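Chemist: Pasting in a structure now, in structure tokens, and then I'll have a few things to ask.
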Amino acid sequence: MVSWLNQGKKGIKVVGEKKEIPDNLWQKCPGCGDVLYHRELERNLWVCSSCNHHLRITTHQYLDLLCDEGTWQETHVGITSRDPLDFKDSTRYRDRLRATMKKTGREEAVLTGRCRVDGIPVVLGVLDFEFLGGSMGSVVGEKLARMLRDALNDRWAAVVVSRSGGARMQESLLSLMQMAKTSAVLARLRAEGVPYISILTNPTTGGVTASFAMLGDVHIAEPGALIGFAGPRVIQQTINSELPEGFQSSEFLLEKGQIDLIVNRKDLKARLAEILHWFTDGRDVSVRQPFRG
């Protein structure tokens with residue numbers, strides 16, 4: 001390729017190949033502002049080496065992180081949302097769903113399946129924030145409920161990774177009812193002694209926080225995750241009082257006893273395996289417990 005330098009007098013002809021700069025070579029950390037080398041960031045599981053800020057990762061990256069290699073099997077596929085309210089704001093809900101499916105290659109905002117974690121069989125659900133903010137509509141609640149019933153029937157531990165902006169307003173009451181549905185199935189798991197581990201990532205908010213995300217036997221959070229029900233402005237206006245700084249962070253919730261531990265992403269599988277072993281080693285979880293409801 002030929003390029004020219006004009007210095008106000010005569011052009012200087014330079015002959016040579018122009019080097020192409022790859023896209024996405026660098027990424028700015030949302031936490032500290034450092035510019036991070038993409039490949040180094042990937043090797044560090046998308047965690048900033050300067051400030052330990054945990055950047056968002058994809059659903060399949062969580063599957064690769066948590067599941068033993070070659071053990072993941074997706075379940076409850078082919079269930080998709082409809083538009084029962086014929087909802088329209090800036091665009092029709094049905095059109096937004098189709099566009100999101102095409103963009104993400106997903107059927108809905110959650111993947112459910114079976115896998116092993118350090119050899120322990122589990123049912124696993126991972127919410128997908130790229131699909132309408134990981135919002136919980138009727139299909140998300142139904143898929144999670146079916147997955148949790150799998151855990152109940154097969155006596156497998158259940159794990160859910162939450163990443164959500166809350167309930168899906170386009171489905172109104174149908175969306176809100178998923179809170180009750182998932183909570184009811186989790187009550188059955190607890191009554192029969194089947195362990196359920198909830199992993200909270202950034203962000204976990206709204207109806208997801210108000211239901212299955214905070215009903216675990218153990219709650220694990222990533223560092224710096226935003227976890228809460230309503231936004232700070234709404235809460236401040238409701239209680240008419242100043243809020244503590246960072247009150248919806250995982251660190252604040254750990255201090256107040258609302259979650260059990262904060263785990264760096266690189267240690268997440270090891271700590272999850274440790275907890276699952278504690279629940280299952282030396283105890284036959286296939287034996288149903290007496291109902292105490």
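Labels used: A, B, ... for chains in the order of the structure tokens, numbers from 1 for residues in each chain, and numbers from 1 for ligands as shown.
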Could you find all residues in range 134-199 of chain A that DSSP calls alpha helix (DSSP H) from the backbone, and write them as a PyMOL selection string?
Modeler: chain A and resi 138-154+172-191
Chemist: Any idea what's packed within 10 Å of Pro84 in chain A, counting only C-alpha atoms, ignoring anything in its chain fewer than 5 positions away? Could you give it as a PyMOL selection string?
Modeler: chain A and resi 93-94+170-172+174
Chemist: Using DSSP assignments from the backbone, pull out every residue in range 29-264 of chain A that falls under strand (DSSP E or B) and give it to me as a compact mmCIF listing (two decimals) with C-alpha atoms, in the first residue's frame.
Modeler:
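Produced file selection_15.txt, reproduced below:
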```
# COMPACT_ATOMS: atom_id res chain seq x y z
CA VAL A 35 -6.51 0.20 29.53
CA LEU A 36 -6.16 -3.58 29.52
CA TYR A 37 -4.69 -5.85 26.86
CA VAL A 47 -10.84 -9.67 35.84
CA HIS A 54 -14.94 -8.38 37.51
CA GLN A 73 -25.97 -31.18 28.57
CA GLU A 74 -28.65 -28.57 27.93
CA THR A 75 -32.21 -29.34 29.01
CA LYS A 88 -46.03 -2.32 22.59
CA ARG A 92 -43.79 -4.51 19.71
CA VAL A 110 -31.65 -18.56 30.75
CA LEU A 111 -29.81 -21.76 29.87
CA THR A 112 -30.61 -24.84 31.94
CA GLY A 113 -28.88 -28.20 31.92
CA ARG A 114 -26.99 -30.93 33.70
CA CYS A 115 -23.27 -31.22 34.33
CA ARG A 116 -20.70 -32.28 36.87
CA VAL A 117 -18.67 -30.01 39.11
CA ILE A 120 -20.52 -34.09 41.56
CA PRO A 121 -23.71 -34.20 39.43
CA VAL A 122 -25.64 -30.93 39.45
CA VAL A 123 -28.42 -29.21 37.56
CA LEU A 124 -27.25 -25.77 36.49
CA GLY A 125 -29.05 -22.64 35.32
CA VAL A 126 -27.27 -19.53 34.04
CA LEU A 127 -29.14 -16.31 33.29
CA MET A 136 -37.38 -12.99 34.19
CA ALA A 157 -27.71 -30.50 43.76
CA ALA A 158 -28.99 -27.34 42.05
CA VAL A 159 -26.89 -24.29 41.14
CA VAL A 160 -28.14 -21.03 39.59
CA VAL A 161 -25.94 -18.18 38.34
CA SER A 162 -28.00 -14.99 38.46
CA ARG A 163 -27.45 -11.98 36.18
CA SER A 164 -30.64 -10.01 35.77
CA ALA A 167 -38.90 -9.10 36.10
CA TYR A 196 -29.32 -25.38 46.27
CA ILE A 197 -26.42 -22.96 45.73
CA SER A 198 -27.07 -19.43 44.46
CA ILE A 199 -24.28 -17.54 42.70
CA LEU A 200 -24.84 -13.77 42.46
CA THR A 201 -23.06 -11.78 39.78
CA ASN A 202 -23.26 -8.23 38.49
CA PRO A 203 -26.08 -7.23 38.38
CA THR A 204 -28.65 -9.26 40.31
CA VAL A 218 -25.46 -20.92 50.40
CA HIS A 219 -25.11 -17.58 48.63
CA ILE A 220 -21.87 -16.86 46.76
CA ALA A 221 -21.21 -13.46 45.19
CA LEU A 226 -24.59 -5.01 42.32
CA ILE A 227 -27.23 -6.92 44.28
CA SER A 249 -22.56 -4.10 46.71
CA LEU A 261 -19.08 -15.41 50.94
CA ILE A 262 -17.43 -13.42 48.14
```
Chemist: Taking into account only C-alpha atoms, which residue in the set A:Ala230, A:Cys67, A:Val77, A:Leu85 is nearest to Ser175 in chain A?
Modeler: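 Smallest separation from Ser175 in chain A among the options: A:Leu85.
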Chemist: Nearest residue to Ala270 in chain A out of A:Ala210, A:Met177, A:Ser135, A:Gly119, using only C-alpha atoms?
Modeler: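 Ranked by minimum distance to Ala270 in chain A, first place goes to A:Gly119.
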